[in-house]
Amino acid sequence: MNINVISIFKLLLLFALGLVILSPALSTQIGVPRLDSALCFLFFFLAVITPFLRDMETDFFKLQFPVYVLFFFGFLSVLNAFSTEKLVDLFFFGIVMFLFHYSFLTFNRGDGEAGIRHLLLGISLIVLAGFFIEALLGFQLVSGNEELTVTDKAFKGFFFNTNDQSVIMISLAVVVGFFYIIRENNWKIKLIGYALIFIMGLAIVISASRSVLLSYLIMLMLILFLNASTYFKAVYLFFACVIALFIFNLSWLQEVFILLAKIDWLERPIERFSLVIFSMGDDKSVGYRTEIYTTFLDNFKILWLGYGPRDYIQYFDQIKLSFPLGYTNPHSFFIELYLAFGIFAFLAFIYFLLNSIIYVMNTQLLAWKERIFILFIFINFCWIVWVPSSILRLPLVWYPLFLVLVYTVLVKNGTFVSPKLVGRRRFS
């Protein structure tokens with residue numbers, strides 16, 4: 001009976017993940033309504049009702065509770081400035097609670113680690129398939145921004161723009177790096193992990209997100225460093241210094257960019273990378289974001305309840321923005337969360353991050369390199385949520401946090417084998 005229940009949890013989890021990835025493409029290609037939006041109320045209901053039907057691990061409940069508090073104050077904010085669109089956006093954001101809880105229920109068993117790797121492999125291959133369908137076949141899967149089309153070499157796969165795709169790619173890459181490389185000793189599993197990461201790196205470069213590329217390079221260097229012997233650590237540090245000297249020599253870098261720009265797929269990303277390095281003042285993307293952040297700080301006021309999702313024009317009413325994007329998508333999840341749901345939801349979110357980091361760092365059963373890499377995953381999350389317009393409708397950006405927290409809880413309660421115990425058995 002227990003196996004059947006776990007299978008139901010797993011099927012529901014896979015169904016939810018499939019919907020949030022594929023629904024935009026299904027809506028564009030077949031004309032069906034967004035299934036993820038239509039069913040978000042169901043996933044929210046399951047997330048709320050399940051804790052009352054099944055016993056919860058105490059540690060897991062303490063980690064998850066701030067997310068429920070965040071949603072509660074978000075609900076009050078939507079009631080305060082009600083519209084149907086805001087309610088749908090709020091409940092869509094509520095999918096993250098479902099993914100968090102049902103991932104724990106799904107993997108809370110003996111073969112859970114293998115199940116996590118299989119799930120990550122499946123998600124990664126689906127997301128990569130969307131990218132390569134556009135890049136190789138020239139077939140656009142999702143209709144989004146009219147300026148970002150396949151004919152303009154903007155390959156965005158199952159997402160509405162290239163920033164969203166690159167953020168999802170790095171989110172998957174860091175958690176693949178953890179479960180396939182940092183956590184593993186089997187060289188075959190490590191090889192699969194490296195292959196996935198390098199292919200995702202190709203998609204990230206072509207997506208032309210400068211911030212995400214920086215995250216990817218730091219992640220790659222950290223993985224190599226944490227898995228290297230003392231000798232190779234010194235070698236990697238030496239090569240990192242050499243590469244840094246090369247990068248900061250702008251004349252050399254400009255020559256390399258000129259050569260790379262001759263490759264068809266790299267023309268657009270090289271143009272964007274060149275703009276931010278050699279002529280940042282002309283970069284409209286940087287200019288718009290800087291204006292939004294500056295205006296937010298200049299206009300700062302305490303919001304006990306927010307304005308609801310994607311409705312922030314009232315906040316910027318004293319100092320008008322030159323470009324209206326910030327009125328709906330301020331390109332910073334920290335700012336957006338504050339404006340949409342208010343200060344209590346914002347504090348709940350900060351508490352979730354800090355409490356999760358403290359929990360992981362204090363779990364002595366984790367190997368030191370695991371704790372370092374999980375800390376990087378949290379820092380990376382805080383960095384990349386400034387890249388897309390919004391992550392309210394990108395639950396996969398949260399997923400690395402959820403999976404490593406689920407893993408940490410299950411190591412602590414003995415469901416997963418502690419990496420330190422594995423090491424002791426190997427040398428005994």
# chains A, B, ... in the order shown; residues from 1 in each chain; ligands from 1

call {"tool": "closest_atom_pairs", "arguments": {"of": "region 99-173 of chain A", "to": "region 376-388 of chain A", "cutoff": "8 Å", "atoms": "only C-alpha atoms", "output": "Markdown table"}}
result
| residue | atom | partner | partner_atom | distance |
| --- | --- | --- | --- | --- |
| A:Asn163 | CA | A:Pro388 | CA | 5.4 |
| A:Asp164 | CA | A:Pro388 | CA | 5.6 |
| A:Val167 | CA | A:Ile384 | CA | 6.5 |
| A:Ser171 | CA | A:Phe381 | CA | 7.7 |

call {"tool": "residues_around", "arguments": {"residues": "region 358-363 of chain A", "least_positions_apart": "6", "cutoff": "10 Å", "atoms": "only C-alpha atoms", "output": "number ranges by chain"}}
result
A: 59, 62-63, 370-372, 374-375, 404-405, 407-409, 411-412

call {"tool": "closest_residue", "arguments": {"among": "A:Met56, A:Val397, A:Val48, A:Val406", "to": "Leu172 (chain A)", "atoms": "only C-alpha atoms"}}
result
A:Val397

call {"tool": "atom_distance", "arguments": {"atom1": "CA of Ile343 (chain A)", "atom2": "CA of Leu401 (chain A)"}}
result
22.3 Å

call {"tool": "residues_around", "arguments": {"residues": "Gly177 (chain A)", "least_positions_apart": "6", "cutoff": "10 Å", "atoms": "only C-alpha atoms", "output": "PDB file with N, CA, C and O atoms, in the first residue's frame"}}
result
ATOM      1  N   ARG A 183      28.268  14.764  -5.355  1.00  0.00           N
ATOM      2  CA  ARG A 183      27.750  13.731  -4.459  1.00  0.00           C
ATOM      3  C   ARG A 183      28.217  12.330  -4.841  1.00  0.00           C
ATOM      4  O   ARG A 183      28.201  11.414  -4.038  1.00  0.00           O
ATOM      5  N   GLU A 184      28.686  12.139  -6.072  1.00  0.00           N
ATOM      6  CA  GLU A 184      28.935  10.799  -6.593  1.00  0.00           C
ATOM      7  C   GLU A 184      30.418  10.434  -6.654  1.00  0.00           C
ATOM      8  O   GLU A 184      31.287  11.304  -6.782  1.00  0.00           O
ATOM      9  N   LYS A 190      29.365  10.396 -12.947  1.00  0.00           N
ATOM     10  CA  LYS A 190      30.051  11.683 -13.087  1.00  0.00           C
ATOM     11  C   LYS A 190      30.140  12.099 -14.551  1.00  0.00           C
ATOM     12  O   LYS A 190      29.960  13.275 -14.896  1.00  0.00           O
ATOM     13  N   GLY A 193      26.988  13.504 -15.727  1.00  0.00           N
ATOM     14  CA  GLY A 193      26.832  14.843 -15.167  1.00  0.00           C
ATOM     15  C   GLY A 193      27.635  15.884 -15.931  1.00  0.00           C
ATOM     16  O   GLY A 193      27.114  16.961 -16.268  1.00  0.00           O
ATOM     17  N   TYR A 194      28.893  15.580 -16.213  1.00  0.00           N
ATOM     18  CA  TYR A 194      29.724  16.521 -16.972  1.00  0.00           C
ATOM     19  C   TYR A 194      29.157  16.751 -18.369  1.00  0.00           C
ATOM     20  O   TYR A 194      29.158  17.882 -18.877  1.00  0.00           O
ATOM     21  N   LEU A 196      26.003  16.549 -19.362  1.00  0.00           N
ATOM     22  CA  LEU A 196      24.821  17.419 -19.257  1.00  0.00           C
ATOM     23  C   LEU A 196      25.224  18.873 -19.012  1.00  0.00           C
ATOM     24  O   LEU A 196      24.686  19.803 -19.629  1.00  0.00           O
ATOM     25  N   ILE A 197      26.181  19.071 -18.125  1.00  0.00           N
ATOM     26  CA  ILE A 197      26.599  20.432 -17.780  1.00  0.00           C
ATOM     27  C   ILE A 197      27.220  21.144 -18.973  1.00  0.00           C
ATOM     28  O   ILE A 197      26.946  22.324 -19.229  1.00  0.00           O
ATOM     29  N   MET A 219      30.442  28.087 -11.338  1.00  0.00           N
ATOM     30  CA  MET A 219      30.019  26.733 -10.978  1.00  0.00           C
ATOM     31  C   MET A 219      31.000  25.701 -11.509  1.00  0.00           C
ATOM     32  O   MET A 219      31.405  24.764 -10.789  1.00  0.00           O
ATOM     33  N   LEU A 220      31.405  25.840 -12.767  1.00  0.00           N
ATOM     34  CA  LEU A 220      32.311  24.879 -13.389  1.00  0.00           C
ATOM     35  C   LEU A 220      33.653  24.859 -12.669  1.00  0.00           C
ATOM     36  O   LEU A 220      34.202  23.780 -12.372  1.00  0.00           O
ATOM     37  N   LEU A 222      34.217  25.741  -9.591  1.00  0.00           N
ATOM     38  CA  LEU A 222      34.023  25.207  -8.245  1.00  0.00           C
ATOM     39  C   LEU A 222      33.928  23.687  -8.267  1.00  0.00           C
ATOM     40  O   LEU A 222      34.505  23.004  -7.414  1.00  0.00           O
ATOM     41  N   ILE A 223      33.213  23.145  -9.245  1.00  0.00           N
ATOM     42  CA  ILE A 223      33.107  21.688  -9.364  1.00  0.00           C
ATOM     43  C   ILE A 223      34.481  21.067  -9.586  1.00  0.00           C
ATOM     44  O   ILE A 223      34.858  20.080  -8.930  1.00  0.00           O
ATOM     45  N   PHE A 373      29.153  23.443  -1.774  1.00  0.00           N
ATOM     46  CA  PHE A 373      28.441  23.537  -3.049  1.00  0.00           C
ATOM     47  C   PHE A 373      26.972  23.911  -2.836  1.00  0.00           C
ATOM     48  O   PHE A 373      26.398  24.658  -3.631  1.00  0.00           O
TER      49      PHE A 373
END

call {"tool": "closest_residue", "arguments": {"among": "A:Tyr307, A:Val32, A:Ile218, A:Leu99", "to": "Leu12 (chain A)", "atoms": "only C-alpha atoms"}}
result
A:Leu99

call {"tool": "select_by_dssp", "arguments": {"residues": "region 55-145 of chain A", "states": "helix (DSSP H, G or I)", "output": "PDB file with N, CA and C atoms, in the first residue's frame"}}
result
ATOM      1  N   THR A  58       9.823  16.705  11.093  1.00  0.00           N
ATOM      2  CA  THR A  58       9.908  17.982  11.807  1.00  0.00           C
ATOM      3  C   THR A  58      10.863  18.953  11.120  1.00  0.00           C
ATOM      4  N   ASP A  59      12.037  18.461  10.748  1.00  0.00           N
ATOM      5  CA  ASP A  59      13.015  19.328  10.086  1.00  0.00           C
ATOM      6  C   ASP A  59      12.466  19.871   8.772  1.00  0.00           C
ATOM      7  N   PHE A  60      11.793  19.018   8.032  1.00  0.00           N
ATOM      8  CA  PHE A  60      11.250  19.453   6.748  1.00  0.00           C
ATOM      9  C   PHE A  60      10.164  20.505   6.952  1.00  0.00           C
ATOM     10  N   PHE A  61       9.323  20.309   7.942  1.00  0.00           N
ATOM     11  CA  PHE A  61       8.260  21.280   8.220  1.00  0.00           C
ATOM     12  C   PHE A  61       8.846  22.651   8.565  1.00  0.00           C
ATOM     13  N   LYS A  62       9.916  22.663   9.368  1.00  0.00           N
ATOM     14  CA  LYS A  62      10.545  23.932   9.737  1.00  0.00           C
ATOM     15  C   LYS A  62      11.127  24.646   8.512  1.00  0.00           C
ATOM     16  N   LEU A  63      11.629  23.869   7.544  1.00  0.00           N
ATOM     17  CA  LEU A  63      12.178  24.472   6.325  1.00  0.00           C
ATOM     18  C   LEU A  63      11.074  24.978   5.402  1.00  0.00           C
ATOM     19  N   GLN A  64       9.964  24.259   5.372  1.00  0.00           N
ATOM     20  CA  GLN A  64       8.892  24.597   4.446  1.00  0.00           C
ATOM     21  C   GLN A  64       7.971  25.685   4.973  1.00  0.00           C
ATOM     22  N   PHE A  65       7.852  25.799   6.284  1.00  0.00           N
ATOM     23  CA  PHE A  65       6.866  26.708   6.876  1.00  0.00           C
ATOM     24  C   PHE A  65       6.986  28.152   6.380  1.00  0.00           C
ATOM     25  N   PRO A  66       8.196  28.739   6.263  1.00  0.00           N
ATOM     26  CA  PRO A  66       8.288  30.124   5.769  1.00  0.00           C
ATOM     27  C   PRO A  66       7.702  30.314   4.372  1.00  0.00           C
ATOM     28  N   VAL A  67       7.735  29.267   3.541  1.00  0.00           N
ATOM     29  CA  VAL A  67       7.155  29.373   2.199  1.00  0.00           C
ATOM     30  C   VAL A  67       5.641  29.512   2.306  1.00  0.00           C
ATOM     31  N   TYR A  68       5.024  28.794   3.250  1.00  0.00           N
ATOM     32  CA  TYR A  68       3.584  28.930   3.479  1.00  0.00           C
ATOM     33  C   TYR A  68       3.248  30.318   4.022  1.00  0.00           C
ATOM     34  N   VAL A  69       4.094  30.838   4.904  1.00  0.00           N
ATOM     35  CA  VAL A  69       3.877  32.191   5.434  1.00  0.00           C
ATOM     36  C   VAL A  69       3.954  33.211   4.304  1.00  0.00           C
ATOM     37  N   LEU A  70       4.941  33.047   3.434  1.00  0.00           N
ATOM     38  CA  LEU A  70       5.090  33.938   2.277  1.00  0.00           C
ATOM     39  C   LEU A  70       3.809  33.938   1.445  1.00  0.00           C
ATOM     40  N   PHE A  71       3.290  32.749   1.182  1.00  0.00           N
ATOM     41  CA  PHE A  71       2.081  32.653   0.368  1.00  0.00           C
ATOM     42  C   PHE A  71       0.886  33.275   1.084  1.00  0.00           C
ATOM     43  N   PHE A  72       0.800  33.094   2.396  1.00  0.00           N
ATOM     44  CA  PHE A  72      -0.329  33.651   3.165  1.00  0.00           C
ATOM     45  C   PHE A  72      -0.397  35.168   3.012  1.00  0.00           C
ATOM     46  N   PHE A  73       0.741  35.845   3.187  1.00  0.00           N
ATOM     47  CA  PHE A  73       0.738  37.295   3.046  1.00  0.00           C
ATOM     48  C   PHE A  73       0.552  37.712   1.589  1.00  0.00           C
ATOM     49  N   GLY A  74       0.991  36.866   0.664  1.00  0.00           N
ATOM     50  CA  GLY A  74       0.693  37.122  -0.741  1.00  0.00           C
ATOM     51  C   GLY A  74      -0.805  37.070  -1.004  1.00  0.00           C
ATOM     52  N   PHE A  75      -1.483  36.131  -0.366  1.00  0.00           N
ATOM     53  CA  PHE A  75      -2.936  36.008  -0.512  1.00  0.00           C
ATOM     54  C   PHE A  75      -3.651  37.243   0.042  1.00  0.00           C
ATOM     55  N   LEU A  76      -3.193  37.735   1.192  1.00  0.00           N
ATOM     56  CA  LEU A  76      -3.783  38.950   1.758  1.00  0.00           C
ATOM     57  C   LEU A  76      -3.578  40.143   0.830  1.00  0.00           C
ATOM     58  N   SER A  77      -2.405  40.217   0.197  1.00  0.00           N
ATOM     59  CA  SER A  77      -2.127  41.319  -0.721  1.00  0.00           C
ATOM     60  C   SER A  77      -3.032  41.274  -1.940  1.00  0.00           C
ATOM     61  N   VAL A  78      -3.287  40.080  -2.447  1.00  0.00           N
ATOM     62  CA  VAL A  78      -4.170  39.941  -3.607  1.00  0.00           C
ATOM     63  C   VAL A  78      -5.599  40.316  -3.231  1.00  0.00           C
ATOM     64  N   LEU A  79      -6.056  39.912  -2.038  1.00  0.00           N
ATOM     65  CA  LEU A  79      -7.398  40.302  -1.585  1.00  0.00           C
ATOM     66  C   LEU A  79      -7.509  41.823  -1.434  1.00  0.00           C
ATOM     67  N   ASN A  80      -6.397  42.429  -1.024  1.00  0.00           N
ATOM     68  CA  ASN A  80      -6.387  43.876  -0.817  1.00  0.00           C
ATOM     69  C   ASN A  80      -6.499  44.660  -2.128  1.00  0.00           C
ATOM     70  N   THR A  84      -8.736  38.889 -10.978  1.00  0.00           N
ATOM     71  CA  THR A  84      -8.623  37.460 -11.312  1.00  0.00           C
ATOM     72  C   THR A  84      -7.215  37.121 -11.767  1.00  0.00           C
ATOM     73  N   GLU A  85      -6.602  38.019 -12.548  1.00  0.00           N
ATOM     74  CA  GLU A  85      -5.256  37.774 -13.050  1.00  0.00           C
ATOM     75  C   GLU A  85      -4.247  37.658 -11.905  1.00  0.00           C
ATOM     76  N   LYS A  86      -4.377  38.528 -10.909  1.00  0.00           N
ATOM     77  CA  LYS A  86      -3.468  38.468  -9.763  1.00  0.00           C
ATOM     78  C   LYS A  86      -3.649  37.173  -8.982  1.00  0.00           C
ATOM     79  N   LEU A  87      -4.900  36.734  -8.853  1.00  0.00           N
ATOM     80  CA  LEU A  87      -5.169  35.498  -8.123  1.00  0.00           C
ATOM     81  C   LEU A  87      -4.535  34.305  -8.830  1.00  0.00           C
ATOM     82  N   VAL A  88      -4.648  34.255 -10.161  1.00  0.00           N
ATOM     83  CA  VAL A  88      -4.037  33.164 -10.918  1.00  0.00           C
ATOM     84  C   VAL A  88      -2.521  33.201 -10.772  1.00  0.00           C
ATOM     85  N   ASP A  89      -1.934  34.399 -10.865  1.00  0.00           N
ATOM     86  CA  ASP A  89      -0.482  34.514 -10.694  1.00  0.00           C
ATOM     87  C   ASP A  89      -0.043  34.046  -9.317  1.00  0.00           C
ATOM     88  N   LEU A  90      -0.816  34.410  -8.293  1.00  0.00           N
ATOM     89  CA  LEU A  90      -0.481  33.999  -6.931  1.00  0.00           C
ATOM     90  C   LEU A  90      -0.521  32.486  -6.791  1.00  0.00           C
ATOM     91  N   PHE A  91      -1.597  31.868  -7.277  1.00  0.00           N
ATOM     92  CA  PHE A  91      -1.718  30.422  -7.132  1.00  0.00           C
ATOM     93  C   PHE A  91      -0.716  29.689  -8.020  1.00  0.00           C
ATOM     94  N   PHE A  92      -0.342  30.301  -9.136  1.00  0.00           N
ATOM     95  CA  PHE A  92       0.714  29.696  -9.952  1.00  0.00           C
ATOM     96  C   PHE A  92       2.020  29.681  -9.156  1.00  0.00           C
ATOM     97  N   PHE A  93       2.295  30.792  -8.461  1.00  0.00           N
ATOM     98  CA  PHE A  93       3.467  30.820  -7.594  1.00  0.00           C
ATOM     99  C   PHE A  93       3.348  29.768  -6.495  1.00  0.00           C
ATOM    100  N   ILE A  95       2.587  26.834  -6.829  1.00  0.00           N
ATOM    101  CA  ILE A  95       3.091  25.542  -7.306  1.00  0.00           C
ATOM    102  C   ILE A  95       4.420  25.199  -6.649  1.00  0.00           C
ATOM    103  N   VAL A  96       5.209  26.219  -6.274  1.00  0.00           N
ATOM    104  CA  VAL A  96       6.502  25.928  -5.654  1.00  0.00           C
ATOM    105  C   VAL A  96       6.320  25.160  -4.346  1.00  0.00           C
ATOM    106  N   MET A  97       5.245  25.440  -3.608  1.00  0.00           N
ATOM    107  CA  MET A  97       4.982  24.707  -2.370  1.00  0.00           C
ATOM    108  C   MET A  97       4.698  23.237  -2.676  1.00  0.00           C
ATOM    109  N   PHE A  98       3.940  23.015  -3.744  1.00  0.00           N
ATOM    110  CA  PHE A  98       3.628  21.639  -4.137  1.00  0.00           C
ATOM    111  C   PHE A  98       4.908  20.896  -4.529  1.00  0.00           C
ATOM    112  N   LEU A  99       5.748  21.514  -5.341  1.00  0.00           N
ATOM    113  CA  LEU A  99       6.978  20.858  -5.785  1.00  0.00           C
ATOM    114  C   LEU A  99       7.885  20.529  -4.609  1.00  0.00           C
ATOM    115  N   PHE A 100       7.956  21.433  -3.648  1.00  0.00           N
ATOM    116  CA  PHE A 100       8.802  21.218  -2.476  1.00  0.00           C
ATOM    117  C   PHE A 100       8.310  20.016  -1.673  1.00  0.00           C
ATOM    118  N   HIS A 101       7.040  20.014  -1.326  1.00  0.00           N
ATOM    119  CA  HIS A 101       6.499  18.969  -0.455  1.00  0.00           C
ATOM    120  C   HIS A 101       6.459  17.615  -1.166  1.00  0.00           C
ATOM    121  N   TYR A 102       6.024  17.590  -2.412  1.00  0.00           N
ATOM    122  CA  TYR A 102       5.879  16.310  -3.099  1.00  0.00           C
ATOM    123  C   TYR A 102       7.223  15.729  -3.533  1.00  0.00           C
ATOM    124  N   SER A 103       8.241  16.555  -3.659  1.00  0.00           N
ATOM    125  CA  SER A 103       9.585  16.023  -3.884  1.00  0.00           C
ATOM    126  C   SER A 103      10.048  15.281  -2.637  1.00  0.00           C
ATOM    127  N   PHE A 104       9.762  15.838  -1.473  1.00  0.00           N
ATOM    128  CA  PHE A 104      10.119  15.158  -0.230  1.00  0.00           C
ATOM    129  C   PHE A 104       9.373  13.834  -0.093  1.00  0.00           C
ATOM    130  N   LEU A 105       8.070  13.848  -0.363  1.00  0.00           N
ATOM    131  CA  LEU A 105       7.279  12.624  -0.252  1.00  0.00           C
ATOM    132  C   LEU A 105       7.725  11.572  -1.268  1.00  0.00           C
ATOM    133  N   THR A 106       8.120  12.017  -2.453  1.00  0.00           N
ATOM    134  CA  THR A 106       8.524  11.085  -3.510  1.00  0.00           C
ATOM    135  C   THR A 106       9.847  10.410  -3.196  1.00  0.00           C
ATOM    136  N   PHE A 107      10.821  11.179  -2.689  1.00  0.00           N
ATOM    137  CA  PHE A 107      12.168  10.646  -2.515  1.00  0.00           C
ATOM    138  C   PHE A 107      12.445  10.164  -1.106  1.00  0.00           C
ATOM    139  N   GLY A 112      15.862   6.773  -3.145  1.00  0.00           N
ATOM    140  CA  GLY A 112      15.529   8.149  -3.483  1.00  0.00           C
ATOM    141  C   GLY A 112      16.601   8.876  -4.260  1.00  0.00           C
ATOM    142  N   GLU A 113      17.886   8.661  -3.938  1.00  0.00           N
ATOM    143  CA  GLU A 113      18.957   9.371  -4.636  1.00  0.00           C
ATOM    144  C   GLU A 113      18.992   9.011  -6.111  1.00  0.00           C
ATOM    145  N   ALA A 114      18.844   7.743  -6.415  1.00  0.00           N
ATOM    146  CA  ALA A 114      18.784   7.332  -7.819  1.00  0.00           C
ATOM    147  C   ALA A 114      17.572   7.944  -8.497  1.00  0.00           C
ATOM    148  N   GLY A 115      16.465   8.038  -7.758  1.00  0.00           N
ATOM    149  CA  GLY A 115      15.264   8.650  -8.306  1.00  0.00           C
ATOM    150  C   GLY A 115      15.475  10.125  -8.624  1.00  0.00           C
ATOM    151  N   ILE A 116      16.197  10.833  -7.751  1.00  0.00           N
ATOM    152  CA  ILE A 116      16.503  12.240  -8.007  1.00  0.00           C
ATOM    153  C   ILE A 116      17.330  12.389  -9.269  1.00  0.00           C
ATOM    154  N   ARG A 117      18.343  11.549  -9.417  1.00  0.00           N
ATOM    155  CA  ARG A 117      19.189  11.626 -10.624  1.00  0.00           C
ATOM    156  C   ARG A 117      18.385  11.337 -11.877  1.00  0.00           C
ATOM    157  N   HIS A 118      17.517  10.336 -11.835  1.00  0.00           N
ATOM    158  CA  HIS A 118      16.690  10.004 -13.006  1.00  0.00           C
ATOM    159  C   HIS A 118      15.755  11.167 -13.351  1.00  0.00           C
ATOM    160  N   LEU A 119      15.183  11.786 -12.315  1.00  0.00           N
ATOM    161  CA  LEU A 119      14.298  12.924 -12.546  1.00  0.00           C
ATOM    162  C   LEU A 119      15.062  14.082 -13.183  1.00  0.00           C
ATOM    163  N   LEU A 120      16.235  14.384 -12.653  1.00  0.00           N
ATOM    164  CA  LEU A 120      17.038  15.470 -13.201  1.00  0.00           C
ATOM    165  C   LEU A 120      17.452  15.191 -14.635  1.00  0.00           C
ATOM    166  N   LEU A 121      17.793  13.950 -14.921  1.00  0.00           N
ATOM    167  CA  LEU A 121      18.166  13.586 -16.290  1.00  0.00           C
ATOM    168  C   LEU A 121      16.994  13.817 -17.231  1.00  0.00           C
ATOM    169  N   GLY A 122      15.806  13.395 -16.828  1.00  0.00           N
ATOM    170  CA  GLY A 122      14.628  13.568 -17.671  1.00  0.00           C
ATOM    171  C   GLY A 122      14.302  15.034 -17.915  1.00  0.00           C
ATOM    172  N   ILE A 123      14.298  15.835 -16.842  1.00  0.00           N
ATOM    173  CA  ILE A 123      13.995  17.266 -16.983  1.00  0.00           C
ATOM    174  C   ILE A 123      15.032  17.935 -17.875  1.00  0.00           C
ATOM    175  N   SER A 124      16.305  17.627 -17.637  1.00  0.00           N
ATOM    176  CA  SER A 124      17.386  18.254 -18.406  1.00  0.00           C
ATOM    177  C   SER A 124      17.279  17.927 -19.891  1.00  0.00           C
ATOM    178  N   LEU A 125      16.993  16.671 -20.204  1.00  0.00           N
ATOM    179  CA  LEU A 125      16.893  16.273 -21.610  1.00  0.00           C
ATOM    180  C   LEU A 125      15.703  16.937 -22.296  1.00  0.00           C
ATOM    181  N   ILE A 126      14.594  17.083 -21.566  1.00  0.00           N
ATOM    182  CA  ILE A 126      13.419  17.741 -22.156  1.00  0.00           C
ATOM    183  C   ILE A 126      13.728  19.212 -22.445  1.00  0.00           C
ATOM    184  N   VAL A 127      14.316  19.901 -21.474  1.00  0.00           N
ATOM    185  CA  VAL A 127      14.641  21.318 -21.654  1.00  0.00           C
ATOM    186  C   VAL A 127      15.661  21.500 -22.777  1.00  0.00           C
ATOM    187  N   LEU A 128      16.670  20.633 -22.816  1.00  0.00           N
ATOM    188  CA  LEU A 128      17.670  20.713 -23.882  1.00  0.00           C
ATOM    189  C   LEU A 128      17.056  20.391 -25.241  1.00  0.00           C
ATOM    190  N   ALA A 129      16.107  19.463 -25.252  1.00  0.00           N
ATOM    191  CA  ALA A 129      15.433  19.125 -26.517  1.00  0.00           C
ATOM    192  C   ALA A 129      14.723  20.346 -27.087  1.00  0.00           C
ATOM    193  N   GLY A 130      14.082  21.139 -26.233  1.00  0.00           N
ATOM    194  CA  GLY A 130      13.419  22.351 -26.693  1.00  0.00           C
ATOM    195  C   GLY A 130      14.399  23.315 -27.335  1.00  0.00           C
ATOM    196  N   PHE A 131      15.569  23.472 -26.702  1.00  0.00           N
ATOM    197  CA  PHE A 131      16.592  24.361 -27.257  1.00  0.00           C
ATOM    198  C   PHE A 131      17.072  23.878 -28.623  1.00  0.00           C
ATOM    199  N   PHE A 132      17.373  22.581 -28.746  1.00  0.00           N
ATOM    200  CA  PHE A 132      17.946  22.069 -29.997  1.00  0.00           C
ATOM    201  C   PHE A 132      16.896  21.951 -31.108  1.00  0.00           C
ATOM    202  N   ILE A 133      15.634  21.775 -30.738  1.00  0.00           N
ATOM    203  CA  ILE A 133      14.581  21.797 -31.768  1.00  0.00           C
ATOM    204  C   ILE A 133      14.567  23.151 -32.472  1.00  0.00           C
ATOM    205  N   GLU A 134      14.700  24.220 -31.688  1.00  0.00           N
ATOM    206  CA  GLU A 134      14.735  25.554 -32.293  1.00  0.00           C
ATOM    207  C   GLU A 134      16.048  25.818 -33.010  1.00  0.00           C
ATOM    208  N   ALA A 135      17.165  25.429 -32.369  1.00  0.00           N
ATOM    209  CA  ALA A 135      18.476  25.751 -32.926  1.00  0.00           C
ATOM    210  C   ALA A 135      18.792  24.961 -34.199  1.00  0.00           C
ATOM    211  N   LEU A 136      18.422  23.684 -34.234  1.00  0.00           N
ATOM    212  CA  LEU A 136      18.775  22.830 -35.367  1.00  0.00           C
ATOM    213  C   LEU A 136      17.689  22.774 -36.430  1.00  0.00           C
ATOM    214  N   LEU A 137      16.431  22.805 -36.001  1.00  0.00           N
ATOM    215  CA  LEU A 137      15.326  22.675 -36.951  1.00  0.00           C
ATOM    216  C   LEU A 137      14.714  24.019 -37.327  1.00  0.00           C
TER     217      LEU A 137
END
